[in-house]
>>> print(open('start-v8.txt').read())   # compact mmCIF, C-alpha atoms
# COMPACT_ATOMS: atom_id res chain seq x y z
CA MET P 336 29.77 31.04 -4.77
CA LYS P 337 29.20 32.59 -1.34
CA GLU P 338 25.73 33.57 -0.21
CA ILE P 339 24.60 36.24 2.22
CA SER P 340 21.09 37.39 3.02
CA LEU P 341 20.19 41.05 2.69
CA ASN P 342 19.41 41.16 6.41
CA GLU P 343 22.78 39.72 7.34
CA TYR P 344 24.58 42.00 4.91
CA TYR P 345 22.95 45.00 6.54
CA ASN P 346 23.70 43.59 10.00
CA LYS P 347 27.40 43.35 9.18
CA VAL P 348 27.62 46.80 7.54
CA HIS P 349 25.81 48.20 10.56
CA GLY P 350 28.27 46.35 12.81
CA SER P 351 31.20 47.71 10.84
CA TRP P 352 30.03 51.30 11.31
CA LEU P 353 29.30 50.73 14.98
CA GLY P 354 32.82 49.34 15.34
CA ARG P 355 34.27 52.35 13.54
CA VAL P 356 32.51 54.84 15.85
CA ILE P 357 33.29 52.78 18.97
CA GLY P 358 36.93 52.86 17.94
CA ASP P 359 36.83 56.63 17.54
CA PHE P 360 35.55 57.17 21.04
CA VAL P 361 38.02 54.70 22.56
CA GLY P 362 41.05 56.00 20.67
CA GLY P 363 40.20 59.68 20.33
CA PRO P 364 40.91 60.85 23.90
CA ILE P 365 44.41 59.32 23.94
CA GLU P 366 45.54 60.07 20.39
CA PHE P 367 49.33 60.57 20.29
CA LEU P 368 49.71 60.51 24.06
CA PRO P 369 53.02 58.90 25.09
CA TYR P 370 52.81 55.14 25.42
CA SER P 371 54.21 55.24 28.97
CA TYR P 372 51.58 57.82 29.98
CA ILE P 373 48.74 55.73 28.53
CA LYS P 374 49.99 52.66 30.36
CA LYS P 375 50.32 54.52 33.68
CA LYS P 376 47.02 56.43 33.50
CA TYR P 377 44.70 53.80 32.02
CA GLY P 378 46.34 50.49 32.90
CA ASP P 379 44.59 47.58 31.19
CA LEU P 380 41.92 49.53 29.35
CA ASN P 381 38.61 47.72 29.00
CA TYR P 382 36.11 50.51 28.30
CA TYR P 383 35.87 54.01 26.91
CA PRO P 384 38.69 56.01 28.53
CA LYS P 385 36.38 59.02 28.87
CA GLU P 386 32.61 59.35 28.99
CA VAL P 387 31.25 59.37 25.44
CA ASP P 388 30.51 62.94 24.40
CA LEU P 389 28.24 62.76 21.38
CA SER P 390 28.86 66.40 20.53
CA LYS P 391 32.50 65.53 19.90
CA VAL P 392 33.46 65.39 16.22
CA ASN P 393 36.12 63.07 14.85
CA ASP P 394 37.54 64.01 11.46
CA ASP P 395 38.16 60.43 10.33
CA GLU P 396 34.69 59.57 8.99
CA MET P 397 34.26 62.60 6.78
CA TYR P 398 36.27 61.18 3.87
CA GLU P 399 34.19 58.00 3.83
CA ILE P 400 31.02 60.10 3.90
CA CYS P 401 32.36 62.04 0.90
CA ALA P 402 32.89 58.75 -0.90
CA LEU P 403 29.34 57.64 -0.09
CA LEU P 404 27.88 60.91 -1.37
CA ALA P 405 29.95 60.58 -4.53
CA PHE P 406 28.68 57.02 -5.07
CA GLU P 407 25.11 58.19 -4.61
CA LYS P 408 25.59 60.98 -7.13
CA ARG P 409 27.81 59.34 -9.75
CA GLY P 410 27.06 55.62 -9.38
CA ILE P 411 29.34 52.65 -8.80
CA ASP P 412 31.52 53.39 -11.83
CA LEU P 413 32.68 56.68 -10.39
CA THR P 414 36.27 57.88 -10.69
CA ALA P 415 38.84 59.28 -8.27
CA ASN P 416 37.98 62.70 -9.69
CA ASP P 417 34.35 62.22 -8.66
CA ILE P 418 35.33 61.57 -5.05
CA ALA P 419 37.84 64.43 -5.18
CA LYS P 420 35.07 66.78 -6.32
CA ALA P 421 33.01 65.64 -3.33
CA TRP P 422 35.94 66.67 -1.12
CA ILE P 423 35.85 70.14 -2.67
CA GLN P 424 32.08 70.38 -2.30
CA TYR P 425 31.69 69.08 1.25
CA LEU P 426 34.91 69.46 3.26
CA TYR P 427 35.66 72.67 5.12
CA ARG P 428 37.77 72.01 8.24
CA ASP P 429 39.95 69.59 10.25
CA MET P 430 42.13 68.32 7.42
CA TYR P 431 45.67 67.30 8.28
CA THR P 432 48.94 66.09 6.73
CA ALA P 433 48.35 64.39 3.35
CA GLU P 434 44.68 65.30 3.11
CA LYS P 435 45.40 68.96 3.82
CA ARG P 436 48.08 69.07 1.09
CA ALA P 437 45.84 67.19 -1.35
CA PHE P 438 42.88 69.48 -0.65
CA LYS P 439 45.04 72.49 -1.46
CA ASN P 440 46.02 70.80 -4.73
CA LEU P 441 42.41 70.04 -5.59
CA LYS P 442 41.36 73.64 -4.97
CA ALA P 443 44.17 74.68 -7.33
CA GLY P 444 42.85 72.37 -10.05
CA ILE P 445 45.36 69.55 -9.52
CA PHE P 446 43.45 66.26 -9.53
CA PRO P 447 44.40 62.64 -8.80
CA PRO P 448 46.83 61.04 -8.98
CA GLU P 449 48.92 64.23 -9.05
CA SER P 450 46.95 65.65 -6.10
CA GLY P 451 48.45 62.94 -3.90
CA LYS P 452 52.01 63.73 -4.99
CA VAL P 453 52.51 67.43 -5.70
CA ASN P 454 54.11 69.20 -2.72
CA ASN P 455 52.88 66.34 -0.53
CA ILE P 456 55.55 65.18 1.90
CA PHE P 457 52.93 63.07 3.73
CA TYR P 458 52.04 60.78 0.83
CA ASP P 459 52.71 57.67 2.94
CA ALA P 460 51.02 58.88 6.14
CA ILE P 461 48.05 57.09 7.69
CA GLY P 462 45.18 59.04 6.13
CA ALA P 463 44.30 56.74 3.24
CA GLN P 464 44.44 53.66 5.46
CA MET P 465 42.17 55.46 7.91
CA ARG P 466 39.35 55.87 5.37
CA ALA P 467 39.38 52.40 3.81
CA ASP P 468 36.43 50.77 5.55
CA ILE P 469 33.61 51.78 3.23
CA PHE P 470 35.25 50.16 0.21
CA GLY P 471 35.28 46.80 1.95
CA GLN P 472 31.71 47.31 3.11
CA ILE P 473 30.37 47.82 -0.42
CA ALA P 474 32.26 44.79 -1.77
CA PRO P 475 31.62 42.01 0.78
CA GLY P 476 33.66 38.92 -0.01
CA CYS P 477 35.07 40.60 -3.14
CA PRO P 478 38.50 41.77 -2.00
CA LYS P 479 39.78 42.60 -5.47
CA ILE P 480 36.83 44.95 -6.05
CA ALA P 481 37.42 46.54 -2.66
CA MET P 482 41.09 46.87 -3.60
CA ASN P 483 40.29 48.70 -6.84
CA TYR P 484 38.04 51.21 -5.11
CA ALA P 485 40.58 51.77 -2.32
CA LYS P 486 43.40 52.29 -4.82
CA MET P 487 41.30 54.89 -6.62
CA ASP P 488 40.35 56.73 -3.43
CA GLY P 489 43.88 56.59 -2.05
CA SER P 490 45.29 58.30 -5.13
CA ILE P 491 43.50 61.52 -4.17
CA SER P 492 45.91 62.20 -1.32
CA HIS P 493 48.58 59.49 -1.20
CA ASP P 494 51.08 57.49 -3.19
CA GLY P 495 53.00 54.22 -2.89
CA ILE P 496 52.65 52.43 0.42
CA GLY P 497 50.29 55.16 1.59
CA ILE P 498 47.74 53.83 -0.90
CA GLU P 499 48.71 50.25 -0.04
CA GLY P 500 47.53 50.86 3.53
CA GLU P 501 44.05 51.74 2.27
CA ILE P 502 44.02 48.67 0.05
CA PHE P 503 45.03 46.34 2.89
CA VAL P 504 42.35 47.53 5.31
CA ALA P 505 39.65 47.56 2.62
CA ILE P 506 40.50 43.94 1.85
CA LEU P 507 40.34 43.01 5.54
CA VAL P 508 36.88 44.55 5.84
CA SER P 509 35.68 42.89 2.62
CA GLN P 510 36.87 39.46 3.69
CA ALA P 511 35.52 39.86 7.23
CA PHE P 512 31.96 39.43 5.93
CA PHE P 513 32.69 35.73 5.37
CA GLU P 514 35.97 34.99 7.21
CA ASN P 515 35.67 34.53 10.98
CA ASP P 516 39.32 33.68 11.59
CA ILE P 517 41.15 36.99 11.88
CA ARG P 518 44.56 35.38 11.39
CA GLN P 519 43.39 33.82 8.14
CA ASN P 520 41.89 37.13 7.06
CA ILE P 521 45.19 38.94 7.67
CA GLU P 522 47.25 36.33 5.83
CA SER P 523 44.86 36.30 2.86
CA ALA P 524 44.98 40.08 2.64
CA LEU P 525 48.77 39.98 2.87
CA ASN P 526 48.90 37.48 0.00
CA ILE P 527 46.81 39.77 -2.17
CA ILE P 528 48.84 42.93 -1.57
CA SER P 529 52.15 41.11 -2.05
CA GLU P 530 51.17 39.24 -5.24
CA GLU P 531 53.13 41.57 -7.50
CA ARG P 532 56.03 42.51 -5.23
CA GLU P 533 57.19 42.80 -1.64
CA THR P 534 57.07 46.36 -0.26
CA LEU P 535 57.87 48.05 3.02
CA TYR P 536 54.18 47.74 3.82
CA SER P 537 53.89 44.00 3.23
CA ARG P 538 57.15 43.53 5.14
CA MET P 539 55.62 45.38 8.08
CA ILE P 540 52.54 43.14 8.05
CA ARG P 541 54.70 40.02 7.85
CA LYS P 542 56.93 41.29 10.66
CA SER P 543 53.90 42.02 12.84
CA ILE P 544 52.71 38.42 12.48
CA GLU P 545 56.20 37.21 13.43
CA ILE P 546 56.22 39.47 16.49
CA PHE P 547 52.87 38.10 17.61
CA GLU P 548 54.17 34.56 17.29
CA LYS P 549 57.23 35.51 19.35
CA TYR P 550 55.20 37.18 22.13
CA PRO P 551 51.74 35.59 21.90
CA GLU P 552 50.80 36.40 25.49
CA ASP P 553 52.25 39.89 25.96
CA PHE P 554 51.16 42.70 23.67
CA HIS P 555 53.38 45.16 25.53
CA GLU P 556 56.47 43.20 24.49
CA GLY P 557 55.01 42.89 21.00
CA ARG P 558 54.50 46.62 20.81
CA LYS P 559 58.05 47.28 22.04
CA GLU P 560 59.57 45.14 19.30
CA LEU P 561 57.27 46.59 16.65
CA ILE P 562 58.35 50.17 17.43
CA LYS P 563 62.03 49.16 17.42
CA TYR P 564 61.54 47.59 14.00
CA TRP P 565 59.70 50.68 12.75
CA HIS P 566 62.45 53.09 13.75
CA ARG P 567 65.05 50.86 12.14
CA ILE P 568 63.05 50.88 8.89
CA ARG P 569 62.43 54.61 9.22
CA ARG P 570 66.13 55.40 9.48
CA ARG P 571 67.46 52.90 6.94
CA GLU P 572 64.73 52.87 4.31
CA LEU P 573 63.06 56.29 4.51
CA VAL P 574 65.32 58.93 6.04
CA ARG P 575 68.40 57.92 4.04
CA LYS P 576 66.58 58.62 0.79
CA GLU P 577 65.96 62.24 1.73
CA LYS P 578 68.27 65.21 1.55
CA GLN P 579 69.61 66.37 4.91
CA LEU P 580 67.31 69.38 5.27
CA SER P 581 64.41 68.33 3.04
CA GLU P 582 60.95 69.28 4.24
CA ARG P 583 59.90 65.63 4.33
CA ARG P 584 62.87 64.62 6.46
CA VAL P 585 62.56 67.54 8.88
CA LYS P 586 58.78 67.82 9.23
CA PHE P 587 57.63 64.23 8.85
CA LEU P 588 60.29 61.56 9.13
CA ASN P 589 61.73 62.66 12.46
CA ARG P 590 61.26 60.33 15.42
CA ILE P 591 58.28 62.17 16.94
CA ILE P 592 56.04 63.33 14.09
CA SER P 593 56.60 60.11 12.11
CA GLY P 594 54.11 58.42 14.45
CA VAL P 595 51.48 59.37 11.87
CA HIS P 596 53.28 57.30 9.20
CA VAL P 597 51.27 54.38 7.81
CA LEU P 598 53.82 51.67 8.69
CA PRO P 599 53.86 51.60 12.51
CA ASN P 600 50.12 52.12 12.63
CA ALA P 601 49.53 49.22 10.23
CA GLY P 602 51.63 47.07 12.55
CA ILE P 603 49.54 48.14 15.53
CA ILE P 604 46.33 47.24 13.68
CA VAL P 605 47.61 43.74 12.92
CA LEU P 606 48.92 43.13 16.43
CA SER P 607 45.71 44.43 18.00
CA LEU P 608 43.59 42.10 15.87
CA LEU P 609 45.76 39.08 16.68
CA TYR P 610 46.01 39.72 20.41
CA GLY P 611 42.36 40.71 20.75
CA ALA P 612 41.15 37.55 19.03
CA LYS P 613 42.13 35.64 22.17
CA ASP P 614 39.12 37.19 23.92
CA LYS P 615 36.33 34.99 22.62
CA ALA P 616 33.64 36.85 24.55
CA ASP P 617 34.46 40.32 23.21
CA PRO P 618 37.12 40.28 20.47
CA LEU P 619 36.07 43.68 19.15
CA GLY P 620 36.25 45.45 22.49
CA ARG P 621 39.52 43.80 23.45
CA SER P 622 41.16 44.48 20.09
CA VAL P 623 40.09 48.12 20.08
CA CYS P 624 41.37 48.61 23.63
CA ILE P 625 44.71 46.97 22.85
CA SER P 626 45.03 49.21 19.82
CA ALA P 627 44.41 52.25 22.04
CA MET P 628 46.92 51.08 24.65
CA MET P 629 49.59 50.74 21.97
CA GLY P 630 49.42 54.45 21.21
CA LEU P 631 50.37 56.50 18.12
CA ASP P 632 47.38 57.41 15.90
CA THR P 633 44.89 55.71 18.18
CA ASP P 634 41.59 57.00 16.80
CA CYS P 635 42.47 55.93 13.25
CA ASN P 636 43.78 52.53 14.33
CA CYS P 637 40.94 51.81 16.75
CA GLY P 638 38.42 52.87 14.10
CA ASN P 639 39.87 50.51 11.51
CA VAL P 640 40.07 47.65 14.01
CA GLY P 641 36.46 48.24 15.06
CA ALA P 642 35.26 48.38 11.45
CA ILE P 643 37.00 45.12 10.53
CA LEU P 644 35.66 43.20 13.52
CA GLY P 645 32.24 44.84 13.33
CA ALA P 646 31.90 43.47 9.80
CA GLN P 647 33.01 40.06 11.05
CA LEU P 648 30.63 39.95 14.01
CA GLY P 649 27.63 41.96 12.88
CA ALA P 650 25.80 44.58 14.94
CA ASP P 651 23.80 42.01 16.88
CA LYS P 652 26.95 40.42 18.34
CA ILE P 653 28.64 43.59 19.60
CA PRO P 654 28.19 43.86 23.39
CA LYS P 655 25.67 46.45 24.48
CA LYS P 656 28.18 48.15 26.78
CA TRP P 657 29.92 49.48 23.68
CA VAL P 658 26.83 50.26 21.60
CA GLU P 659 24.42 51.93 24.04
CA PRO P 660 26.56 55.01 24.85
CA LEU P 661 26.59 55.90 21.14
CA LYS P 662 22.82 56.36 21.01
CA ASN P 663 22.93 55.44 17.32
CA THR P 664 24.58 58.71 16.35
CA PHE P 665 27.77 60.56 15.48
CA ASN P 666 28.72 63.93 14.02
CA THR P 667 31.19 64.89 11.33
CA TYR P 668 32.35 67.91 9.36
CA ILE P 669 30.47 67.59 6.06
CA LYS P 670 28.57 70.59 4.72
CA GLY P 671 24.88 69.83 5.06
CA HIS P 672 25.51 66.33 6.40
CA GLU P 673 26.98 66.91 9.85
CA HIS P 674 24.62 64.70 11.88
CA TRP P 675 24.22 60.96 11.25
CA LYS P 676 22.21 58.04 12.55
CA ILE P 677 24.45 54.99 12.36
CA ASP P 678 21.69 52.62 11.25
CA GLU P 679 20.57 55.01 8.50
CA LEU P 680 24.14 55.41 7.29
CA ALA P 681 24.48 51.63 7.14
CA LYS P 682 21.32 51.41 5.00
CA ARG P 683 22.74 53.92 2.52
CA VAL P 684 26.02 52.00 2.30
CA VAL P 685 24.08 48.76 1.74
CA ASN P 686 22.16 50.39 -1.11
CA ILE P 687 25.46 51.08 -2.86
CA GLY P 688 26.78 47.64 -1.97
CA LYS P 689 23.74 45.94 -3.51
CA GLN P 690 24.61 47.56 -6.82
CA VAL P 691 28.29 46.59 -6.54
CA ILE P 692 27.39 42.99 -5.73
CA LYS P 693 24.98 42.80 -8.67
CA MET P 694 27.23 44.47 -11.25
CA LYS P 695 30.78 43.67 -10.14
CA CYS P 696 30.69 40.72 -7.70
CA ASN P 697 27.97 38.53 -9.19
CA ASP P 698 30.44 35.76 -10.08
CA PHE P 699 31.48 35.44 -6.43
CA ILE P 700 28.64 36.58 -4.18
CA LYS P 701 24.91 35.92 -4.21
CA LEU P 702 22.77 38.32 -2.21
CA MET P 703 19.64 36.57 -0.97
CA GLU P 704 16.60 38.84 -0.59
>>> encode(input="start-v8.txt", output="structure tokens")
Amino acid sequence: MKEISLNEYYNKVHGSWLGRVIGDFVGGPIEFLPYSYIKKKYGDLNYYPKEVDLSKVNDDEMYEICALLAFEKRGIDLTANDIAKAWIQYLYRDMYTAEKRAFKNLKAGIFPPESGKVNNIFYDAIGAQMRADIFGQIAPGCPKIAMNYAKMDGSISHDGIGIEGEIFVAILVSQAFFENDIRQNIESALNIISEERETLYSRMIRKSIEIFEKYPEDFHEGRKELIKYWHRIRRRELVRKEKQLSERRVKFLNRIISGVHVLPNAGIIVLSLLYGAKDKADPLGRSVCISAMMGLDTDCNCGNVGAILGAQLGADKIPKKWVEPLKNTFNTYIKGHEHWKIDELAKRVVNIGKQVIKMKCNDFIKLME
């Protein structure tokens, strides 16, 4: 049985949320900019690409906040419908792709899992993966519990490998509370998601590890090969299944817009974690910056990378240069809950996690008061 003190648990949840917000402010300003432009303008990024503007709102956190509010209202045995109802109650703007389609379904009375499928051409986009962190945070060292919560949440707006992306990242965050070797964390998470069968998602994770081993010193070459692999998979495995003029093929699976698909972004997360781990002084900062330099959905990817490594390191081990500009705050679009103190948010997540550990993880984790 693994043991963690309450203080250290809070420290790591706090670190995970700091990492998430750091990632937002690193990745946000360059989201979907061309890779060549990022490389030319920012070079070897090692800090926030723009001055941190605390009035700026990133949409990514609002789904995790909805989940937290649902936990606080319904308890740890909540359902996907409970979280979906929180979406209806609290969300009001800045929803995109799969979440936008799902929200429309929910408002029409179509609830999960159908809400993630009906008229939803973006069911395997990045959105579920983006919002996975909280489910790892409330189940530290209990990856199967984190997986179950992530699967439930993902069903609100996604299906198939779209949900698998949320499961994978939730497992990485969960395991990061006790696993300090990021390579081992990734491989353990891969083993869990591929226990039943190999999917396009698990193949992407495996391929990303292979690419890192082929180019261990050059993330630019790694990124180049990853994107080539992605477009080969996109054409052969995804586009071919669609009718010539289907909405999904025309509006999502084309070469440009498909950058919001879960697969290439999952590959970028894995590569960023592996390359960034080489920086022993600041693995979080380096990994987040590499993730940003690789492009595509940078705020989502950088946020996930920051949350994983923040849980691994804890708030007290994140360099001050990243933390101080945040001033312990961020804003989001949640009715009545727009303004947040990061440390207070972490305390509320810990309060839910304490219940999960006691009721669902007590055979694996002991929380020391």
>>> atom_distance(input="start-v8.txt", atom1="CA of Asp651 in chain P", atom2="CA of Lys689 in chain P")
20.8 Å
>>> closest_residue(input="start-v8.txt", among="P:Val658, P:Met539, P:Ile456, P:Ala612", to="Leu644 in chain P", atoms="only C-alpha atoms")
P:Ala612
>>> residues_around(input="start-v8.txt", residues="Val623 in chain P", least_positions_apart="2", cutoff="10 Å", atoms="only C-alpha atoms", output="PyMOL selection string")
chain P and resi 354-355+357-359+361-362+380-383+604+607-608+611+618-621+625-628+633-634+636-642+644
>>> closest_residue(input="start-v8.txt", among="P:Phe587, P:Phe699, P:Tyr458, P:Phe360", to="Lys385 in chain P", atoms="all atoms listed in the file")
P:Phe360
>>> residues_around(input="start-v8.txt", residues="range 407-419 of chain P", least_positions_apart="6", cutoff="9 Å", atoms="all atoms listed in the file", output="list in words")
Tyr398, Cys401, Phe438, Leu441, Phe446, Pro447, Pro448, Tyr484, Met487, Asp488, Gly489, Ser490, Ile491, Arg683, Ile687, Gly688, Gln690, Val691 and Met694 of chain P
>>> closest_residue(input="start-v8.txt", among="P:Phe665, P:Trp352, P:Tyr370, P:Phe547", to="Leu631 in chain P", atoms="all atoms listed in the file")
P:Tyr370
>>> closest_residue(input="start-v8.txt", among="P:Pro369, P:Ile423, P:Gly557, P:Leu598", to="Phe503 in chain P", atoms="all atoms listed in the file")
P:Leu598
>>> residues_near_point(input="start-v8.txt", point="(45.1, 35.6, 14.6)", cutoff="12 Å", atoms="all atoms listed in the file", output="mmCIF file with C-alpha atoms, in the frame of the given file")
data_model
loop_
_atom_site.group_PDB
_atom_site.id
_atom_site.type_symbol
_atom_site.label_atom_id
_atom_site.label_comp_id
_atom_site.auth_asym_id
_atom_site.auth_seq_id
_atom_site.Cartn_x
_atom_site.Cartn_y
_atom_site.Cartn_z
ATOM 1 C CA GLU P 514 35.970 34.990 7.210
ATOM 2 C CA ASN P 515 35.670 34.530 10.980
ATOM 3 C CA ASP P 516 39.320 33.680 11.590
ATOM 4 C CA ILE P 517 41.150 36.990 11.880
ATOM 5 C CA ARG P 518 44.560 35.380 11.390
ATOM 6 C CA GLN P 519 43.390 33.820 8.140
ATOM 7 C CA ASN P 520 41.890 37.130 7.060
ATOM 8 C CA ILE P 521 45.190 38.940 7.670
ATOM 9 C CA GLU P 522 47.250 36.330 5.830
ATOM 10 C CA SER P 523 44.860 36.300 2.860
ATOM 11 C CA SER P 543 53.900 42.020 12.840
ATOM 12 C CA ILE P 544 52.710 38.420 12.480
ATOM 13 C CA GLU P 545 56.200 37.210 13.430
ATOM 14 C CA ILE P 546 56.220 39.470 16.490
ATOM 15 C CA PHE P 547 52.870 38.100 17.610
ATOM 16 C CA GLU P 548 54.170 34.560 17.290
ATOM 17 C CA PRO P 551 51.740 35.590 21.900
ATOM 18 C CA ILE P 604 46.330 47.240 13.680
ATOM 19 C CA VAL P 605 47.610 43.740 12.920
ATOM 20 C CA LEU P 606 48.920 43.130 16.430
ATOM 21 C CA SER P 607 45.710 44.430 18.000
ATOM 22 C CA LEU P 608 43.590 42.100 15.870
ATOM 23 C CA LEU P 609 45.760 39.080 16.680
ATOM 24 C CA TYR P 610 46.010 39.720 20.410
ATOM 25 C CA GLY P 611 42.360 40.710 20.750
ATOM 26 C CA ALA P 612 41.150 37.550 19.030
ATOM 27 C CA LYS P 613 42.130 35.640 22.170
ATOM 28 C CA ASP P 614 39.120 37.190 23.920
ATOM 29 C CA LYS P 615 36.330 34.990 22.620
ATOM 30 C CA PRO P 618 37.120 40.280 20.470
ATOM 31 C CA SER P 622 41.160 44.480 20.090
#
>>> atom_distance(input="start-v8.txt", atom1="CA of Leu404 in chain P", atom2="CA of Val684 in chain P")
9.8 Å
>>> residues_around(input="start-v8.txt", residues="Cys696 in chain P", least_positions_apart="5", cutoff="9 Å", atoms="all atoms listed in the file", output="short mmCIF file (atom, residue, chain, number, x, y, z; two decimals) with C-alpha atoms, in the frame of the given file")
data_model
loop_
_atom_site.label_atom_id
_atom_site.label_comp_id
_atom_site.auth_asym_id
_atom_site.auth_seq_id
_atom_site.Cartn_x
_atom_site.Cartn_y
_atom_site.Cartn_z
CA ALA P 474 32.26 44.79 -1.77
CA PRO P 475 31.62 42.01 0.78
CA GLY P 476 33.66 38.92 -0.01
CA CYS P 477 35.07 40.60 -3.14
CA ILE P 480 36.83 44.95 -6.05
CA VAL P 691 28.29 46.59 -6.54
CA LYS P 701 24.91 35.92 -4.21
#
>>> atom_distance(input="start-v8.txt", atom1="CA of Gly500 in chain P", atom2="CA of Ile669 in chain P")
24.0 Å
>>> residues_around(input="start-v8.txt", residues="Glu679 in chain P", least_positions_apart="2", cutoff="12 Å", atoms="only C-alpha atoms", output="list in words")
Tyr345, Asn346, Val348, His349, Trp352, Leu353, Asn663, Thr664, Phe665, His674, Trp675, Lys676, Ile677, Ala681, Lys682, Arg683, Val684, Val685 and Asn686 of chain P
>>> closest_residue(input="start-v8.txt", among="P:Ser492, P:Glu399, P:Gly497, P:Phe406", to="Ile445 in chain P", atoms="all atoms listed in the file")
P:Ser492
>>> residues_near_point(input="start-v8.txt", point="(51.5, 60.6, 22.9)", cutoff="12 Å", atoms="only C-alpha atoms", output="list in words")
Gly362, Gly363, Pro364, Ile365, Glu366, Phe367, Leu368, Pro369, Tyr370, Ser371, Tyr372, Ile373, Lys374, Ile591, Ile592, Ser593, Gly594, Val595, Ala627, Met628, Met629, Gly630, Leu631, Asp632 and Thr633 of chain P
>>> closest_residue(input="start-v8.txt", among="P:Glu338, P:Ala505, P:Arg590, P:Asn483", to="Ile562 in chain P", atoms="only C-alpha atoms")
P:Arg590
>>> build_atoms(input="start-v8.txt", residues="range 522-539 of chain P", atoms="N, CA and C atoms", output="mmCIF file, in the coordinates of the input")
data_model
loop_
_atom_site.group_PDB
_atom_site.id
_atom_site.type_symbol
_atom_site.label_atom_id
_atom_site.label_comp_id
_atom_site.auth_asym_id
_atom_site.auth_seq_id
_atom_site.Cartn_x
_atom_site.Cartn_y
_atom_site.Cartn_z
ATOM 1 N N GLU P 522 46.322 37.002 6.743
ATOM 2 C CA GLU P 522 47.250 36.330 5.830
ATOM 3 C C GLU P 522 46.731 36.355 4.393
ATOM 4 N N SER P 523 45.422 36.214 4.212
ATOM 5 C CA SER P 523 44.860 36.300 2.860
ATOM 6 C C SER P 523 45.038 37.683 2.271
ATOM 7 N N ALA P 524 44.788 38.710 3.101
ATOM 8 C CA ALA P 524 44.980 40.080 2.640
ATOM 9 C C ALA P 524 46.441 40.348 2.307
ATOM 10 N N LEU P 525 47.340 39.833 3.124
ATOM 11 C CA LEU P 525 48.770 39.980 2.870
ATOM 12 C C LEU P 525 49.153 39.322 1.543
ATOM 13 N N ASN P 526 48.613 38.156 1.266
ATOM 14 C CA ASN P 526 48.900 37.480 0.000
ATOM 15 C C ASN P 526 48.456 38.313 -1.198
ATOM 16 N N ILE P 527 47.312 38.965 -1.061
ATOM 17 C CA ILE P 527 46.810 39.770 -2.170
ATOM 18 C C ILE P 527 47.703 40.987 -2.414
ATOM 19 N N ILE P 528 48.064 41.699 -1.349
ATOM 20 C CA ILE P 528 48.840 42.930 -1.570
ATOM 21 C C ILE P 528 50.287 42.636 -1.968
ATOM 22 N N SER P 529 50.757 41.421 -1.704
ATOM 23 C CA SER P 529 52.150 41.110 -2.050
ATOM 24 C C SER P 529 52.254 40.216 -3.288
ATOM 25 N N GLU P 530 51.154 40.078 -4.042
ATOM 26 C CA GLU P 530 51.170 39.240 -5.240
ATOM 27 C C GLU P 530 52.192 39.719 -6.257
ATOM 28 N N GLU P 531 52.238 41.031 -6.469
ATOM 29 C CA GLU P 531 53.130 41.570 -7.500
ATOM 30 C C GLU P 531 54.553 41.750 -6.987
ATOM 31 N N ARG P 532 54.693 42.275 -5.773
ATOM 32 C CA ARG P 532 56.030 42.510 -5.230
ATOM 33 C C ARG P 532 55.962 42.741 -3.739
ATOM 34 N N GLU P 533 57.074 42.521 -3.066
ATOM 35 C CA GLU P 533 57.190 42.800 -1.640
ATOM 36 C C GLU P 533 57.524 44.285 -1.458
ATOM 37 N N THR P 534 56.831 44.943 -0.534
ATOM 38 C CA THR P 534 57.070 46.360 -0.260
ATOM 39 C C THR P 534 57.360 46.541 1.226
ATOM 40 N N LEU P 535 57.698 47.759 1.606
ATOM 41 C CA LEU P 535 57.870 48.050 3.020
ATOM 42 C C LEU P 535 56.587 47.768 3.795
ATOM 43 N N TYR P 536 55.462 47.978 3.148
ATOM 44 C CA TYR P 536 54.180 47.740 3.820
ATOM 45 C C TYR P 536 53.955 46.241 4.067
ATOM 46 N N SER P 537 54.095 45.438 3.040
ATOM 47 C CA SER P 537 53.890 44.000 3.230
ATOM 48 C C SER P 537 54.926 43.416 4.188
ATOM 49 N N ARG P 538 56.139 43.968 4.168
ATOM 50 C CA ARG P 538 57.150 43.530 5.140
ATOM 51 C C ARG P 538 56.719 43.856 6.562
ATOM 52 N N MET P 539 56.102 45.015 6.758
ATOM 53 C CA MET P 539 55.620 45.380 8.080
ATOM 54 C C MET P 539 54.522 44.429 8.553
#
